[in-house]
>>> print(open('input-v9.cif').read())   # mmCIF, C-alpha atoms and all ligand atoms
data_model
#
loop_
_atom_site.label_atom_id
_atom_site.label_comp_id
_atom_site.auth_asym_id
_atom_site.auth_seq_id
_atom_site.Cartn_x
_atom_site.Cartn_y
_atom_site.Cartn_z
CA MET T 1 141.62 43.03 90.59
CA ASP T 2 144.19 41.36 92.84
CA GLU T 3 143.23 40.76 96.48
CA ILE T 4 145.19 42.89 98.92
CA PRO T 5 146.52 40.75 101.83
CA ARG T 6 145.17 42.05 105.18
CA THR T 7 148.64 41.69 106.66
CA HIS T 8 150.13 44.17 104.21
CA PRO T 9 151.61 47.08 106.23
CA ARG T 10 149.86 49.58 103.98
CA TYR T 11 146.58 47.64 103.76
CA HIS T 12 144.28 50.62 104.44
CA SER T 13 146.06 52.88 102.02
CA LEU T 14 145.90 50.17 99.33
CA ILE T 15 142.19 49.62 99.95
CA ILE T 16 141.55 53.34 99.47
CA ARG T 17 143.52 53.29 96.20
CA LYS T 18 141.53 50.26 95.08
CA LYS T 19 138.23 52.03 95.82
CA LEU T 20 139.31 55.05 93.79
CA VAL T 21 140.52 52.98 90.86
CA GLU T 22 137.27 51.00 90.81
CA ALA T 23 135.27 54.23 90.96
CA PHE T 24 137.44 55.59 88.13
CA ARG T 25 136.61 52.52 86.02
CA GLN T 26 132.90 53.05 86.86
CA GLY T 27 133.11 56.65 85.64
CA ILE T 28 132.61 58.26 89.07
CA VAL T 29 136.17 59.51 89.61
CA VAL T 30 138.08 61.45 86.92
CA PRO T 31 141.80 60.75 86.17
CA GLU T 32 142.58 64.12 87.80
CA GLY T 33 140.96 62.72 90.95
CA LEU T 34 143.64 60.02 91.10
CA ILE T 35 146.32 62.71 90.88
CA ALA T 36 144.60 64.73 93.62
CA HIS T 37 144.59 61.62 95.79
CA GLY T 38 148.35 61.18 95.31
CA ARG T 39 148.91 64.71 96.57
CA GLY T 40 146.64 63.97 99.52
CA GLU T 41 148.54 60.75 100.36
CA ALA T 42 151.84 62.63 100.45
CA LEU T 43 150.42 65.24 102.83
CA ASP T 44 148.82 62.53 104.97
CA TYR T 45 152.26 60.91 105.41
CA ILE T 46 153.49 64.18 106.87
CA LEU T 47 150.57 64.20 109.35
CA GLY T 48 151.51 60.65 110.37
CA GLU T 49 148.24 59.37 108.82
CA LYS T 50 146.29 60.27 111.94
CA THR T 51 143.81 62.91 113.02
CA LEU T 52 145.70 65.62 114.89
CA GLU T 53 144.38 67.70 117.78
CA PRO T 54 143.54 70.86 115.75
CA ALA T 55 141.50 68.70 113.37
CA TYR T 56 139.46 67.38 116.32
CA ARG T 57 138.78 70.99 117.38
CA ALA T 58 137.71 71.91 113.85
CA ILE T 59 135.46 68.85 113.70
CA LYS T 60 133.72 69.92 116.92
CA ALA T 61 133.15 73.44 115.59
CA ALA T 62 131.95 72.07 112.24
CA SER T 63 129.47 69.78 114.01
CA ALA T 64 128.07 72.69 116.02
CA LEU T 65 127.83 74.83 112.88
CA LEU T 66 126.08 72.13 110.85
CA LEU T 67 123.60 71.49 113.69
CA THR T 68 122.71 75.19 113.99
CA SER T 69 122.42 75.88 110.25
CA LYS T 70 119.03 76.39 108.60
CA ASN T 71 119.91 74.99 105.19
CA PRO T 72 123.18 73.05 105.34
CA VAL T 73 124.34 71.37 102.13
CA ILE T 74 126.98 68.69 101.62
CA SER T 75 128.75 69.17 98.29
CA VAL T 76 129.83 65.88 96.71
CA ASN T 77 132.46 65.39 94.02
CA GLY T 78 133.80 62.23 92.38
CA ASN T 79 136.49 61.48 94.98
CA THR T 80 134.30 61.99 98.04
CA ALA T 81 131.52 59.87 96.51
CA ALA T 82 134.03 57.08 95.90
CA LEU T 83 135.72 57.27 99.31
CA VAL T 84 132.93 57.95 101.81
CA PRO T 85 129.49 57.41 100.23
CA LYS T 86 127.91 55.75 103.29
CA GLU T 87 129.24 58.45 105.63
CA LEU T 88 128.06 61.32 103.40
CA VAL T 89 124.54 59.91 103.46
CA GLU T 90 124.63 59.23 107.21
CA LEU T 91 125.89 62.74 108.00
CA SER T 92 123.22 64.31 105.77
CA LYS T 93 120.53 62.49 107.74
CA ILE T 94 121.92 63.39 111.18
CA VAL T 95 122.31 67.13 110.53
CA LYS T 96 119.38 67.31 108.06
CA ALA T 97 121.62 68.50 105.25
CA LYS T 98 120.90 68.19 101.55
CA LEU T 99 123.33 66.31 99.32
CA GLU T 100 124.35 68.06 96.11
CA VAL T 101 126.61 66.79 93.36
CA ASN T 102 129.03 69.53 92.31
CA LEU T 103 131.81 68.64 89.91
CA PHE T 104 134.86 70.43 88.61
CA HIS T 105 135.02 68.11 85.58
CA ARG T 106 131.31 68.20 85.04
CA THR T 107 129.41 65.85 82.70
CA ILE T 108 125.77 64.85 82.95
CA GLU T 109 126.77 61.14 82.87
CA ARG T 110 128.97 61.55 85.97
CA GLU T 111 126.35 63.60 87.78
CA ILE T 112 123.77 60.88 87.23
CA LYS T 113 126.19 58.09 88.19
CA ILE T 114 127.21 59.83 91.41
CA GLY T 115 123.57 60.57 92.27
CA GLU T 116 122.63 56.91 91.75
CA PHE T 117 125.67 55.75 93.69
CA LEU T 118 124.67 57.88 96.70
CA LYS T 119 121.10 56.58 96.43
CA SER T 120 122.43 53.00 96.58
CA PHE T 121 123.78 53.99 100.04
CA GLY T 122 120.39 55.29 101.19
CA ALA T 123 120.29 58.91 99.97
CA GLU T 124 116.68 59.93 99.34
CA GLU T 125 117.35 63.00 97.24
CA VAL T 126 120.47 64.21 95.46
CA LEU T 127 120.47 67.77 94.11
CA GLY T 128 122.61 69.40 91.42
CA ILE T 129 121.94 66.91 88.64
CA GLY T 130 121.26 68.19 85.11
CA SER T 131 118.77 71.07 84.92
CA ASP T 132 118.48 71.18 88.72
CA ALA T 133 121.85 72.98 88.73
CA SER T 134 120.31 76.04 87.09
CA GLU T 135 121.70 78.76 89.36
CA THR T 136 125.16 80.27 89.04
CA ILE T 137 127.71 81.18 91.70
CA PRO T 138 128.78 84.71 90.73
CA GLY T 139 132.42 85.34 89.87
CA LEU T 140 133.27 81.71 89.18
CA GLU T 141 134.55 80.52 85.79
CA SER T 142 134.67 76.75 86.35
CA LYS T 143 131.75 74.39 85.92
CA ARG T 144 131.52 74.26 89.69
CA ARG T 145 129.55 77.51 89.30
CA PHE T 146 126.34 75.63 88.39
CA VAL T 147 124.38 74.89 91.55
CA SER T 148 120.89 73.97 92.67
CA ASN T 149 118.47 76.65 93.80
CA ARG T 150 117.28 74.55 96.73
CA GLY T 151 120.82 73.47 97.56
CA ILE T 152 124.15 75.28 97.47
CA TYR T 153 122.63 78.49 96.03
CA SER T 154 120.37 79.08 99.03
CA ALA T 155 122.47 77.25 101.64
CA ASP T 156 123.72 79.04 104.72
CA THR T 157 126.44 76.42 105.28
CA VAL T 158 128.22 74.27 102.68
CA LEU T 159 130.50 71.35 103.49
CA VAL T 160 133.13 70.75 100.81
CA ALA T 161 135.98 68.23 100.59
CA LEU T 162 138.87 67.97 98.12
CA GLU T 163 137.85 71.30 96.72
CA ASP T 164 139.48 74.06 94.69
CA GLY T 165 140.04 77.41 96.35
CA ASP T 166 138.02 79.48 93.86
CA ARG T 167 134.64 78.15 94.81
CA THR T 168 135.29 78.31 98.54
CA GLU T 169 136.25 81.98 98.20
CA GLN T 170 133.13 82.76 96.18
CA LEU T 171 130.82 80.89 98.54
CA VAL T 172 132.23 82.89 101.45
CA ARG T 173 131.74 86.08 99.40
CA MET T 174 128.08 85.08 98.98
CA GLY T 175 127.81 85.18 102.79
CA LYS T 176 127.86 81.44 103.35
CA LYS T 177 129.81 79.53 105.96
CA VAL T 178 132.07 76.90 104.44
CA VAL T 179 133.37 73.79 106.19
CA ALA T 180 136.31 72.37 104.22
CA ILE T 181 137.98 69.00 104.62
CA ASP T 182 141.41 69.19 103.03
CA LEU T 183 144.72 67.53 103.82
CA ASN T 184 146.57 70.62 102.65
CA PRO T 185 146.71 73.27 105.41
CA PHE T 186 148.40 75.69 102.98
CA SER T 187 145.72 75.57 100.27
CA ARG T 188 143.52 78.51 99.35
CA THR T 189 140.52 76.38 100.27
CA ALA T 190 141.94 75.84 103.76
CA ARG T 191 142.58 79.55 104.24
CA ALA T 192 139.30 80.77 102.74
CA ALA T 193 136.96 78.39 104.57
CA SER T 194 135.16 79.32 107.79
CA ILE T 195 136.17 76.02 109.39
CA THR T 196 138.92 73.85 107.92
CA ILE T 197 139.37 70.25 108.96
CA VAL T 198 142.93 69.31 107.94
CA ASP T 199 142.52 65.56 107.81
CA ASN T 200 141.86 62.70 105.44
CA VAL T 201 138.18 62.67 104.50
CA THR T 202 138.13 58.93 105.24
CA ARG T 203 139.06 59.59 108.91
CA ALA T 204 137.35 62.96 109.35
CA LEU T 205 133.85 61.98 108.28
CA PRO T 206 133.33 59.13 110.79
CA ILE T 207 134.60 61.42 113.59
CA LEU T 208 132.34 64.25 112.37
CA ILE T 209 129.36 61.89 112.44
CA GLU T 210 130.15 60.80 116.02
CA GLU T 211 130.61 64.41 117.16
CA CYS T 212 127.30 65.46 115.56
CA LYS T 213 125.59 62.60 117.41
CA ASN T 214 127.23 63.75 120.68
CA LEU T 215 126.08 67.35 120.20
CA LEU T 216 122.65 66.56 118.78
CA ASN T 217 120.78 67.31 122.01
CA SER T 218 122.90 70.29 123.09
CA LYS T 219 121.27 73.68 123.57
CA ARG T 220 121.41 76.01 120.58
CA ASP T 221 123.22 78.69 122.62
CA GLU T 222 125.94 76.21 123.59
CA LEU T 223 126.39 75.17 119.97
CA LYS T 224 126.59 78.80 118.84
CA GLU T 225 129.23 79.44 121.48
CA ILE T 226 131.34 76.56 120.15
CA VAL T 227 131.12 78.09 116.66
CA THR T 228 131.97 81.66 117.71
CA GLY T 229 134.81 80.41 119.92
CA PHE T 230 136.53 78.81 116.93
CA ASP T 231 139.20 80.79 115.08
CA ASN T 232 140.10 79.14 111.76
CA GLU T 233 143.30 81.09 111.14
CA ARG T 234 144.59 80.26 114.59
CA ASN T 235 143.62 76.61 114.24
CA LEU T 236 145.44 76.34 110.91
CA LYS T 237 148.54 77.84 112.51
CA ASP T 238 148.24 75.30 115.34
CA MET T 239 148.09 72.56 112.73
CA ILE T 240 151.19 73.84 110.94
CA ARG T 241 153.01 74.01 114.31
CA GLU T 242 152.00 70.38 115.04
CA ILE T 243 153.43 69.37 111.68
CA ARG T 244 156.63 71.33 112.36
CA ASP T 245 157.03 69.72 115.80
CA ARG T 246 156.45 66.28 114.35
CA LEU T 247 159.07 66.85 111.67
CA SER T 248 161.52 68.26 114.26
CA THR T 249 161.12 65.15 116.41
CA LEU T 250 161.58 62.88 113.42
CA SER T 251 164.65 64.75 112.25
CA SER T 252 166.42 65.12 115.61
CA LEU T 253 169.43 62.96 116.36
CA GLU T 254 169.44 61.04 119.66
CA ASP T 255 172.58 62.68 121.03
CA GLU T 256 171.43 66.24 120.25
O1 LIG S 1 135.09 65.04 90.79
P1 LIG S 1 135.47 66.41 90.29
O2 LIG S 1 135.25 66.55 88.80
O3 LIG S 1 134.76 67.51 91.04
O4 LIG S 1 137.04 66.62 90.55
C1 LIG S 1 137.56 66.41 91.84
C2 LIG S 1 139.05 66.80 91.96
C3 LIG S 1 139.58 66.22 93.27
C4 LIG S 1 139.82 66.23 90.78
C5 LIG S 1 139.15 68.33 91.96
O5 LIG S 1 138.38 68.87 93.01
C6 LIG S 1 140.57 68.81 92.10
O6 LIG S 1 141.31 68.94 91.14
O7 LIG S 1 140.97 69.05 93.36
P2 LIG S 1 142.43 69.65 93.71
O8 LIG S 1 142.48 71.09 93.29
O9 LIG S 1 143.49 68.73 93.26
O10 LIG S 1 142.38 69.65 95.28
C7 LIG S 1 142.25 68.50 96.01
C8 LIG S 1 142.73 68.77 97.44
O11 LIG S 1 142.27 67.70 98.25
C9 LIG S 1 144.24 68.82 97.59
O12 LIG S 1 144.60 69.86 98.49
C10 LIG S 1 144.60 67.45 98.23
O13 LIG S 1 145.72 67.54 99.06
C11 LIG S 1 143.35 67.18 99.02
N1 LIG S 1 143.08 65.74 99.23
C12 LIG S 1 143.39 64.70 98.41
N2 LIG S 1 142.94 63.54 98.92
C13 LIG S 1 142.32 63.85 100.09
C14 LIG S 1 142.41 65.26 100.29
N3 LIG S 1 141.89 65.87 101.36
C15 LIG S 1 141.26 65.08 102.28
N4 LIG S 1 141.14 63.74 102.16
C16 LIG S 1 141.66 63.08 101.09
N5 LIG S 1 141.52 61.75 100.97
#
>>> encode(input="input-v9.cif", output="C-alpha cells")
Amino acid sequence: MDEIPRTHPRYHSLIIRKKLVEAFRQGIVVPEGLIAHGRGEALDYILGEKTLEPAYRAIKAASALLLTSKNPVISVNGNTAALVPKELVELSKIVKAKLEVNLFHRTIEREIKIGEFLKSFGAEEVLGIGSDASETIPGLESKRRFVSNRGIYSADTVLVALEDGDRTEQLVRMGKKVVAIDLNPFSRTARAASITIVDNVTRALPILIEECKNLLNSKRDELKEIVTGFDNERNLKDMIREIRDRLSTLSSLEDE
C-alpha cells in the first residue's frame, strides 16, 4: 500500500482509513464496516473532528460507572478491533472488564481472528468466540444476540461502540447499563444507552483511559455521585446544541 506523506493535511484520517482497509483485507472488518466508517467520518466533520465538552462529561460519567461496576464487559466488533485494539485491552485491564467479541456479521472465522488480534495486543482472555457465545439476548433477531454467559449475558455494564440500536435497547431492557461510543447523536443507540459518548472511538478511548486512571483511587460514593449526576438525554441535547452553534458560526456572514 502507498505510504501516506506525514505532511498531508488529512494524514490522521488517511491513516485510519488505511488501518480499516488493512483489517478488511485480513478478514477482521466487513465491507459494511467500511460504509459505517464513511458515515462516521461525515458526522465527525460536523463535530470539527474534535472531542466536544458534552463528550468529556459523558467520558467522566462512563469512567465512574465502569469503575463501580461488578462485571463490566467491553463488546468488540470488527471496526473497534481494527481501530483501537491496544486501547481496548488497556481499558479492560484498568477497569477489570472482560473483553467479548460480538459481531453483527458473525462468522466463526472472524470471531477467532478478532480474538487472536486482541491477544496480540496483550489481551489474556477474549470471550464470545464459538460455543462460548451460548446464551441469547431475548428479543433480538440479529446474530448479535449470541453472547457469553460469563460476559455480556451476566454483565451489569456493557461498553459498546459503532453499534446498532436494537441490541442497546435490549441490553437496557435486561437491566444493564450501556455505555455507547457513537458519532451519531441522533441514533437509536445514542438515545437508548445509559451514557452516550458522541465522539470518534479513536479519540474517545484514550481520553476514557486517562479519566479512568484519574478516578481509580476515588471513593466509591464519589464515583456513584458522578454517575447519578449524569443525565444522558440532557447531555445529548447539549451536544446537539453545540453542533448547532458550531454550524451557525460557520454559516454566519461577517457583516451580519
Ligand atoms: O463487525 P460487525 O460484524 O459487528 O459489524 C460492525 C458494523 C459497524 C458494520 C455494524 O455494527 C454496523 O452496521 O453499524 P452501523 O449500524 O452502521 O452503526 C455504526 C455507527 O457508528 C454509526 O452511527 C456511525 O456514525 C458510527 N461510527 C462510525 N465510525 C465511528 C463511529 N462512531 C465512533 N467512532 C467511529 N470511528
>>> atom_distance(input="input-v9.cif", atom1="atom CA of T:Val29", atom2="atom N5 of ligand LIG 1 (chain S)")
12.8 Å
>>> closest_residue(input="input-v9.cif", among="T:Leu183, T:Leu205, T:Leu253, T:Val95", to="T:Ala42", atoms="all atoms listed in the file")
T:Leu183
>>> atom_distance(input="input-v9.cif", atom1="atom C11 of ligand LIG 1 (chain S)", atom2="atom CA of T:Glu163")
7.2 Å
>>> residues_near_ligand(input="input-v9.cif", ligand="ligand LIG 1 (chain S)", cutoff="7 Å", atoms="all atoms listed in the file", output="PyMOL selection string")
chain T and resi 29-30+32-33+36-41+43+77-79+102-106+161-164+181-184+187+199-202
>>> residues_around(input="input-v9.cif", residues="stretch 71-75 of chain T", least_positions_apart="6", cutoff="9 Å", atoms="only C-alpha atoms", output="NGL selection string")
:T and (88 or 91-92 or 95-103 or 150-152 or 154-161)
>>> closest_residue(input="input-v9.cif", among="T:Ile35, T:Ile94, T:Arg191, T:Ile28", to="T:Ile112", atoms="all atoms listed in the file")
T:Ile28
>>> residues_around(input="input-v9.cif", residues="T:Arg203", least_positions_apart="6", cutoff="10 Å", atoms="all atoms listed in the file", output="list in words")
Glu49, Lys50, Thr51 and Val84 of chain T
>>> atom_distance(input="input-v9.cif", atom1="atom CA of T:Leu140", atom2="atom CA of T:Ile197")
23.7 Å
>>> closest_residue(input="input-v9.cif", among="T:Glu210, T:Leu67, T:Asp44, T:Gly122", to="T:Lys86", atoms="all atoms listed in the file")
T:Gly122
>>> closest_atom_pairs(input="input-v9.cif", of="stretch 103-210 of chain T", to="stretch 221-237 of chain T", cutoff="9 Å", atoms="all atoms listed in the file", output="CSV")
residue,atom,partner,partner_atom,distance
T:Pro185,CA,T:Leu236,CA,6.4
T:Phe186,CA,T:Leu236,CA,8.5
T:Ala190,CA,T:Leu236,CA,8.0
T:Arg191,CA,T:Glu233,CA,7.1
T:Ala193,CA,T:Asn232,CA,7.9
T:Ser194,CA,T:Asn232,CA,6.3
T:Ile195,CA,T:Asn232,CA,5.5
T:Thr196,CA,T:Asn232,CA,6.6
T:Ile197,CA,T:Leu236,CA,8.8
T:Val198,CA,T:Leu236,CA,8.0
>>> closest_residue(input="input-v9.cif", among="T:Ile137, T:Val147, T:Ala192, T:Leu215", to="T:Glu169", atoms="all atoms listed in the file")
T:Ala192
>>> closest_residue(input="input-v9.cif", among="T:Leu20, T:Ala81, T:Asn149, T:Leu216", to="T:Ser134", atoms="only C-alpha atoms")
T:Asn149
>>> closest_residue(input="input-v9.cif", among="T:Asp238, T:Glu111, T:Asp245, T:Glu90", to="T:Cys212", atoms="all atoms listed in the file")
T:Glu90
